[in-house]
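Here is the file target_19.csv (CSV, C-alpha atoms).
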chain,number,residue,atom,x,y,z
A,1,MET,CA,-72.5,25.7,41.6
A,2,SER,CA,-73.2,29.3,40.6
A,3,ASP,CA,-70.8,31.5,38.7
A,4,GLU,CA,-70.3,33.7,41.8
A,5,LYS,CA,-69.5,30.7,44.1
A,6,ARG,CA,-67.2,29.2,41.5
A,7,ASN,CA,-65.1,32.3,41.0
A,8,VAL,CA,-64.9,33.1,44.7
A,9,THR,CA,-63.5,29.6,45.3
A,10,LEU,CA,-60.9,30.0,42.5
A,11,GLY,CA,-60.1,33.4,43.9
A,12,GLU,CA,-59.5,32.1,47.3
A,13,THR,CA,-57.3,29.3,45.9
A,14,LEU,CA,-55.2,31.8,43.9
A,15,VAL,CA,-54.8,34.1,46.9
A,16,SER,CA,-53.6,31.3,49.1
A,17,LEU,CA,-51.1,30.1,46.5
A,18,LEU,CA,-49.8,33.6,46.0
A,19,LYS,CA,-49.3,34.0,49.8
A,20,GLU,CA,-47.5,30.7,50.1
A,21,ARG,CA,-45.1,31.7,47.4
A,22,SER,CA,-44.7,35.3,48.5
A,23,LEU,CA,-45.9,36.5,45.1
A,24,SER,CA,-48.0,39.5,44.1
A,25,MET,CA,-50.5,39.6,41.3
A,26,ARG,CA,-48.1,41.9,39.4
A,27,LYS,CA,-45.3,39.3,39.6
A,28,LEU,CA,-47.7,36.5,38.5
A,29,SER,CA,-48.7,38.8,35.6
A,30,ALA,CA,-45.1,39.2,34.6
A,31,ALA,CA,-44.5,35.5,34.7
A,32,THR,CA,-47.7,34.4,32.8
A,33,GLY,CA,-48.1,37.3,30.4
A,34,ILE,CA,-51.7,37.8,31.7
A,35,ASP,CA,-52.6,41.4,32.4
A,36,THR,CA,-52.6,42.3,36.2
A,37,ALA,CA,-56.1,43.7,35.9
A,38,THR,CA,-57.4,40.4,34.4
A,39,ILE,CA,-55.8,38.4,37.3
A,40,SER,CA,-57.4,40.8,39.8
A,41,ARG,CA,-60.8,40.4,38.2
A,42,ILE,CA,-60.5,36.6,38.3
A,43,VAL,CA,-59.3,36.6,41.9
A,44,ASN,CA,-62.2,38.9,42.9
A,45,GLY,CA,-64.8,36.8,41.0
A,46,LYS,CA,-65.6,39.5,38.4
A,47,GLN,CA,-64.3,37.5,35.5
A,48,ARG,CA,-64.3,33.8,34.8
A,49,ALA,CA,-60.8,32.3,34.1
A,50,LYS,CA,-60.3,30.9,30.7
A,51,PRO,CA,-58.6,27.5,30.3
A,52,GLU,CA,-55.4,29.2,29.1
A,53,HIS,CA,-55.4,31.4,32.2
A,54,LEU,CA,-55.6,28.3,34.5
A,55,GLU,CA,-52.9,26.4,32.7
A,56,ALA,CA,-50.6,29.5,33.0
A,57,PHE,CA,-51.4,29.8,36.7
A,58,ALA,CA,-50.7,26.1,37.2
A,59,LEU,CA,-47.4,26.3,35.4
A,60,HIS,CA,-46.0,29.3,37.2
A,61,LEU,CA,-47.5,28.5,40.6
A,62,ASP,CA,-46.1,25.0,40.3
A,63,VAL,CA,-49.3,23.2,41.0
A,64,PRO,CA,-51.4,20.6,39.1
A,65,SER,CA,-53.9,22.2,36.8
A,66,ALA,CA,-56.8,19.9,37.7
A,67,PRO,CA,-57.6,21.5,41.1
A,68,LEU,CA,-57.7,25.0,39.5
A,69,PHE,CA,-60.0,23.8,36.8
A,70,GLN,CA,-62.3,22.3,39.4
A,71,ALA,CA,-62.2,25.5,41.5
A,72,ALA,CA,-63.1,27.4,38.3
A,73,GLY,CA,-66.1,25.1,37.7
A,74,TYR,CA,-64.8,23.3,34.6
A,75,GLY,CA,-64.4,19.9,36.4
A,76,ALA,CA,-61.4,17.7,36.7
A,77,SER,CA,-61.4,16.7,33.1
A,78,ALA,CA,-61.6,20.2,31.7
A,79,PRO,CA,-59.7,20.9,28.5
A,80,PRO,CA,-56.2,22.3,29.0
A,81,ILE,CA,-55.0,25.5,27.4
A,82,TYR,CA,-54.2,24.2,24.0
A,83,HIS,CA,-57.3,22.2,23.5
A,84,ASN,CA,-60.1,24.8,24.1
A,85,GLN,CA,-62.9,24.9,21.6
A,86,SER,CA,-62.4,28.5,20.6
A,87,ASN,CA,-58.8,28.0,19.4
A,88,ASP,CA,-58.2,24.3,18.8
A,89,ILE,CA,-54.9,24.0,17.0
A,90,PHE,CA,-55.0,20.2,17.2
A,91,SER,CA,-58.4,19.9,15.5
A,92,SER,CA,-57.2,22.3,12.9
A,93,ILE,CA,-54.0,20.3,12.1
A,94,ASN,CA,-56.0,17.0,12.1
A,95,SER,CA,-58.4,18.5,9.5
A,96,ILE,CA,-55.6,19.6,7.3
A,97,LYS,CA,-53.8,16.3,7.7
A,98,GLU,CA,-56.9,14.3,6.6
A,99,THR,CA,-57.2,16.5,3.5
A,100,LEU,CA,-53.5,16.1,2.6
A,101,GLN,CA,-53.7,12.3,3.1
A,102,ALA,CA,-56.8,12.0,0.9
A,103,SER,CA,-55.1,14.0,-1.9
A,104,ASN,CA,-51.6,12.6,-1.5
A,105,LEU,CA,-50.2,16.1,-1.5
A,106,MET,CA,-47.6,15.3,1.1
A,107,ASP,CA,-46.4,12.8,3.7
A,108,HIS,CA,-47.5,14.3,7.1
A,109,GLN,CA,-45.5,12.0,9.2
A,110,PHE,CA,-42.3,12.6,7.2
A,111,THR,CA,-42.9,16.4,7.5
A,112,ALA,CA,-43.5,16.1,11.3
A,113,ASP,CA,-40.2,14.1,11.7
A,114,GLN,CA,-38.3,16.7,9.7
A,115,VAL,CA,-39.8,19.6,11.8
A,116,GLN,CA,-38.8,17.7,15.0
A,117,LYS,CA,-35.2,17.4,13.7
A,118,GLU,CA,-35.1,21.2,13.0
A,119,LEU,CA,-36.5,22.0,16.5
A,120,SER,CA,-33.9,19.8,18.1
A,121,LYS,CA,-31.2,21.7,16.3
A,122,TYR,CA,-32.6,25.0,17.4
A,123,GLU,CA,-32.9,24.2,21.1
A,124,PRO,CA,-29.3,24.8,22.1
A,125,TYR,CA,-29.0,27.9,19.8
A,126,VAL,CA,-32.0,29.5,21.5
A,127,LEU,CA,-30.1,29.8,24.7
A,128,THR,CA,-27.3,31.8,23.1
A,129,GLU,CA,-27.3,35.6,23.0
A,130,GLU,CA,-27.7,35.6,19.2
A,131,GLY,CA,-30.6,33.1,19.2
A,132,ALA,CA,-32.4,35.2,21.8
A,133,ARG,CA,-31.8,38.4,19.8
A,134,ILE,CA,-33.2,36.9,16.6
A,135,ILE,CA,-36.4,35.8,18.4
A,136,HIS,CA,-37.0,39.2,20.1
A,137,ASN,CA,-36.1,41.2,17.0
A,138,ASP,CA,-37.9,39.1,14.3
A,139,PHE,CA,-40.9,37.5,16.0
A,140,PRO,CA,-43.2,40.6,16.4
A,141,GLY,CA,-42.8,41.6,12.7
A,142,LYS,CA,-43.3,38.0,11.4
A,143,VAL,CA,-46.4,37.3,13.5
A,144,LYS,CA,-47.9,40.6,12.4
A,145,SER,CA,-47.3,39.8,8.7
A,146,VAL,CA,-49.2,36.5,8.9
A,147,ASN,CA,-51.7,37.3,11.6
A,148,GLY,CA,-54.9,35.4,10.9
A,149,ALA,CA,-53.2,32.6,9.0
A,150,GLY,CA,-54.4,30.0,11.5
A,151,PRO,CA,-55.2,29.2,15.1
A,152,PHE,CA,-51.5,28.4,15.7
A,153,ILE,CA,-50.8,32.2,15.6
A,154,GLU,CA,-52.5,32.7,19.0
A,155,GLU,CA,-50.6,29.8,20.4
A,156,LEU,CA,-47.3,31.4,19.1
A,157,LYS,CA,-48.2,34.7,20.8
A,158,ARG,CA,-48.7,32.9,24.1
A,159,MET,CA,-45.5,30.9,23.6
A,160,TYR,CA,-43.6,34.2,23.1
A,161,GLN,CA,-45.1,35.6,26.3
A,162,LEU,CA,-43.9,32.6,28.2
A,163,TYR,CA,-40.5,32.6,26.5
A,164,SER,CA,-40.1,36.3,27.5
A,165,SER,CA,-41.0,35.8,31.1
A,166,ASP,CA,-38.4,35.4,33.9
A,167,ASN,CA,-40.0,32.5,35.7
A,168,ILE,CA,-39.4,29.6,33.4
A,169,THR,CA,-36.6,27.0,33.4
A,170,PRO,CA,-33.8,27.0,30.8
A,171,GLU,CA,-35.3,23.8,29.5
A,172,GLU,CA,-38.7,25.4,29.0
A,173,ARG,CA,-37.1,28.4,27.4
A,174,SER,CA,-35.2,26.2,25.0
A,175,ILE,CA,-38.3,24.3,24.0
A,176,LEU,CA,-40.4,27.4,23.5
A,177,GLY,CA,-37.6,29.3,21.7
A,178,SER,CA,-37.1,26.4,19.3
A,179,GLY,CA,-40.7,26.8,18.0
A,180,LEU,CA,-40.4,30.6,17.8
A,181,LEU,CA,-37.1,30.4,16.0
A,182,TYR,CA,-38.6,27.9,13.5
A,183,PHE,CA,-41.4,30.3,12.9
A,184,VAL,CA,-39.2,33.2,12.1
A,185,SER,CA,-36.6,31.1,10.2
A,186,ALA,CA,-36.4,31.2,6.4
A,187,THR,CA,-35.5,27.5,6.3
A,188,ASP,CA,-39.1,26.1,6.6
A,189,ILE,CA,-39.7,22.5,5.6
A,190,ILE,CA,-42.7,23.8,3.6
A,191,PRO,CA,-42.0,27.4,2.2
A,192,ASP,CA,-44.6,29.9,3.4
A,193,TYR,CA,-45.6,30.9,-0.1
A,194,VAL,CA,-46.8,27.3,-0.9
A,195,PHE,CA,-50.5,27.9,-0.5
A,196,PRO,CA,-52.5,26.4,1.3
A,197,LEU,CA,-49.7,24.3,2.9
A,198,GLY,CA,-47.2,27.1,3.7
A,199,TYR,CA,-47.8,27.4,7.4
A,200,LEU,CA,-48.7,23.7,8.1
A,201,ASP,CA,-45.1,23.0,9.3
A,202,ASP,CA,-45.2,26.0,11.6
A,203,ALA,CA,-48.4,24.6,13.1
A,204,ILE,CA,-46.8,21.2,13.5
A,205,ALA,CA,-43.9,22.8,15.2
A,206,VAL,CA,-46.2,24.5,17.7
A,207,GLN,CA,-48.0,21.3,18.4
A,208,ILE,CA,-44.6,19.5,19.0
A,209,VAL,CA,-43.5,22.3,21.3
A,210,LEU,CA,-46.7,22.2,23.3
A,211,ASP,CA,-46.6,18.5,23.7
A,212,ARG,CA,-43.0,18.7,24.9
A,213,LEU,CA,-43.8,21.4,27.4
A,214,GLN,CA,-46.6,19.3,28.8
A,215,ASP,CA,-44.3,16.3,29.1
A,216,THR,CA,-41.8,18.4,30.9
A,217,LYS,CA,-44.4,19.6,33.3
A,218,ASN,CA,-45.7,16.1,33.9
A,219,ASN,CA,-42.2,14.8,34.6
A,220,LYS,CA,-41.3,17.7,36.9
A,221,PRO,CA,-40.4,16.4,40.4
A,222,GLN,CA,-43.0,17.2,43.0
A,223,PRO,CA,-41.8,19.1,46.1

This entry written out as structure tokens:
Amino acid sequence: MSDEKRNVTLGETLVSLLKERSLSMRKLSAATGIDTATISRIVNGKQRAKPEHLEAFALHLDVPSAPLFQAAGYGASAPPIYHNQSNDIFSSINSIKETLQASNLMDHQFTADQVQKELSKYEPYVLTEEGARIIHNDFPGKVKSVNGAGPFIEELKRMYQLYSSDNITPEERSILGSGLLYFVSATDIIPDYVFPLGYLDDAIAVQIVLDRLQDTKNNKPQP
């Protein structure tokens, strides 16, 4: 299948889904955080959709991601948004984890359990006016101050875009916000200044959030 044929097929699929849901590209852009011009180029076959684009489309158009990956030429088993080769947070965490285990610097499982407990405590607070204010006020500055610290930063940016969109459920907002609030919080399990481990717990928090989002999506009732 040529690039031209592949992208036309995906474009037709997206146009059909948008019509069925009475959505415009601009509304899809607002929901996904993907620039309207980028969506237009993908629909018109002028740009190949990235895995993260396809996962965002699937989430907000409420369809399985596999058909979109197939239409884009990746195949049914194409990697989802958070497992792409260019920004693989999971491989990054696994590499760090192996180093830590070999050096006995810390108990990764214990840390992950502690992070999970903190996220669970944050989830209801995220839905309060104060929780939302903290995220919106503090996240941009915090992410700017540590930009480049690891692949999880790009995932956090995408999480913030989704969190800020209007077309997500309260449960999804609560899950996303818990990870963002953990990131901006001063009560890290591992203090940020502890090099080179300072942001490992933030990366673990992102991984937990993404896993939970995927589980929520998989368990969502089909119409």

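Close contacts of A:Leu68, defined as residues with an atom at most 10 Å away when counting all atoms listed in the file, with chain neighbours fewer than 6 positions off set aside, comprise Thr9, Leu10, Gly11, Thr13, Leu14, Ala49, Pro51, His53, Leu54, Glu55, Phe57, Ala58, Tyr74, Gly75, Ala76 and Ala78 of chain A.
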
When you count only C-alpha atoms, which of these residues is closest to A:Ala56: A:Leu176, A:Ile134, A:Glu20, A:Leu162?
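Residue with the minimum atom-to-atom distance to A:Ala56: A:Leu162.
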
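Considering only C-alpha atoms, the residue among A:Val209, A:Leu28, A:Leu156, A:Val15 positioned nearest to A:Ser120 is A:Val209.
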
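Rounded to one decimal, atom CA of A:Val63 and atom CA of A:Leu127 lie 26.0 Å from each other.
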
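For the pair atom CA of A:Thr38 and atom CA of A:Ala72, the interatomic distance is 14.7 Å.
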
Of the candidates A:Glu118, A:Asn167, A:Ile135, A:Asn218, which one gets nearest to A:Leu23 if we count all atoms listed in the file?
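Checking each of A:Glu118, A:Asn167, A:Ile135, A:Asn218 against A:Leu23, counting all atoms listed in the file, the winner is A:Asn167.
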
Excluding A:Lys217 and residues on its chain fewer than 6 positions from it, collect all residues at most 12 Å away from it, counting all atoms listed in the file, and give them as a ChimeraX atom specification.
/A:55-56,58-65,168-169,171-172,210-211

Could those residues be written to a file, using C-alpha atoms, as a PDB file, in the coordinates of the input?
ATOM      1  CA  GLU A  55     -52.900  26.400  32.700  1.00  0.00           C
ATOM      2  CA  ALA A  56     -50.600  29.500  33.000  1.00  0.00           C
ATOM      3  CA  ALA A  58     -50.700  26.100  37.200  1.00  0.00           C
ATOM      4  CA  LEU A  59     -47.400  26.300  35.400  1.00  0.00           C
ATOM      5  CA  HIS A  60     -46.000  29.300  37.200  1.00  0.00           C
ATOM      6  CA  LEU A  61     -47.500  28.500  40.600  1.00  0.00           C
ATOM      7  CA  ASP A  62     -46.100  25.000  40.300  1.00  0.00           C
ATOM      8  CA  VAL A  63     -49.300  23.200  41.000  1.00  0.00           C
ATOM      9  CA  PRO A  64     -51.400  20.600  39.100  1.00  0.00           C
ATOM     10  CA  SER A  65     -53.900  22.200  36.800  1.00  0.00           C
ATOM     11  CA  ILE A 168     -39.400  29.600  33.400  1.00  0.00           C
ATOM     12  CA  THR A 169     -36.600  27.000  33.400  1.00  0.00           C
ATOM     13  CA  GLU A 171     -35.300  23.800  29.500  1.00  0.00           C
ATOM     14  CA  GLU A 172     -38.700  25.400  29.000  1.00  0.00           C
ATOM     15  CA  LEU A 210     -46.700  22.200  23.300  1.00  0.00           C
ATOM     16  CA  ASP A 211     -46.600  18.500  23.700  1.00  0.00           C
TER      17      ASP A 211
END

Counting all atoms listed in the file, find residues at most 12 Å from (-56.9, 40.4, 40.3) (file frame) and give them as a PDB file with C-alpha atoms, keeping the file's coordinate frame.
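File produced: selection-v7.pdb:
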ATOM      1  CA  ASN A   7     -65.100  32.300  41.000  1.00  0.00           C
ATOM      2  CA  VAL A   8     -64.900  33.100  44.700  1.00  0.00           C
ATOM      3  CA  LEU A  10     -60.900  30.000  42.500  1.00  0.00           C
ATOM      4  CA  GLY A  11     -60.100  33.400  43.900  1.00  0.00           C
ATOM      5  CA  GLU A  12     -59.500  32.100  47.300  1.00  0.00           C
ATOM      6  CA  LEU A  14     -55.200  31.800  43.900  1.00  0.00           C
ATOM      7  CA  VAL A  15     -54.800  34.100  46.900  1.00  0.00           C
ATOM      8  CA  LEU A  18     -49.800  33.600  46.000  1.00  0.00           C
ATOM      9  CA  SER A  24     -48.000  39.500  44.100  1.00  0.00           C
ATOM     10  CA  MET A  25     -50.500  39.600  41.300  1.00  0.00           C
ATOM     11  CA  ARG A  26     -48.100  41.900  39.400  1.00  0.00           C
ATOM     12  CA  LYS A  27     -45.300  39.300  39.600  1.00  0.00           C
ATOM     13  CA  LEU A  28     -47.700  36.500  38.500  1.00  0.00           C
ATOM     14  CA  SER A  29     -48.700  38.800  35.600  1.00  0.00           C
ATOM     15  CA  ILE A  34     -51.700  37.800  31.700  1.00  0.00           C
ATOM     16  CA  ASP A  35     -52.600  41.400  32.400  1.00  0.00           C
ATOM     17  CA  THR A  36     -52.600  42.300  36.200  1.00  0.00           C
ATOM     18  CA  ALA A  37     -56.100  43.700  35.900  1.00  0.00           C
ATOM     19  CA  THR A  38     -57.400  40.400  34.400  1.00  0.00           C
ATOM     20  CA  ILE A  39     -55.800  38.400  37.300  1.00  0.00           C
ATOM     21  CA  SER A  40     -57.400  40.800  39.800  1.00  0.00           C
ATOM     22  CA  ARG A  41     -60.800  40.400  38.200  1.00  0.00           C
ATOM     23  CA  ILE A  42     -60.500  36.600  38.300  1.00  0.00           C
ATOM     24  CA  VAL A  43     -59.300  36.600  41.900  1.00  0.00           C
ATOM     25  CA  ASN A  44     -62.200  38.900  42.900  1.00  0.00           C
ATOM     26  CA  GLY A  45     -64.800  36.800  41.000  1.00  0.00           C
ATOM     27  CA  LYS A  46     -65.600  39.500  38.400  1.00  0.00           C
ATOM     28  CA  GLN A  47     -64.300  37.500  35.500  1.00  0.00           C
ATOM     29  CA  ARG A  48     -64.300  33.800  34.800  1.00  0.00           C
ATOM     30  CA  ALA A  49     -60.800  32.300  34.100  1.00  0.00           C
TER      31      ALA A  49
END

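Atom CA of A:Phe183 to atom CA of A:Arg212 spans 16.8 Å [interatomic distance, one decimal].
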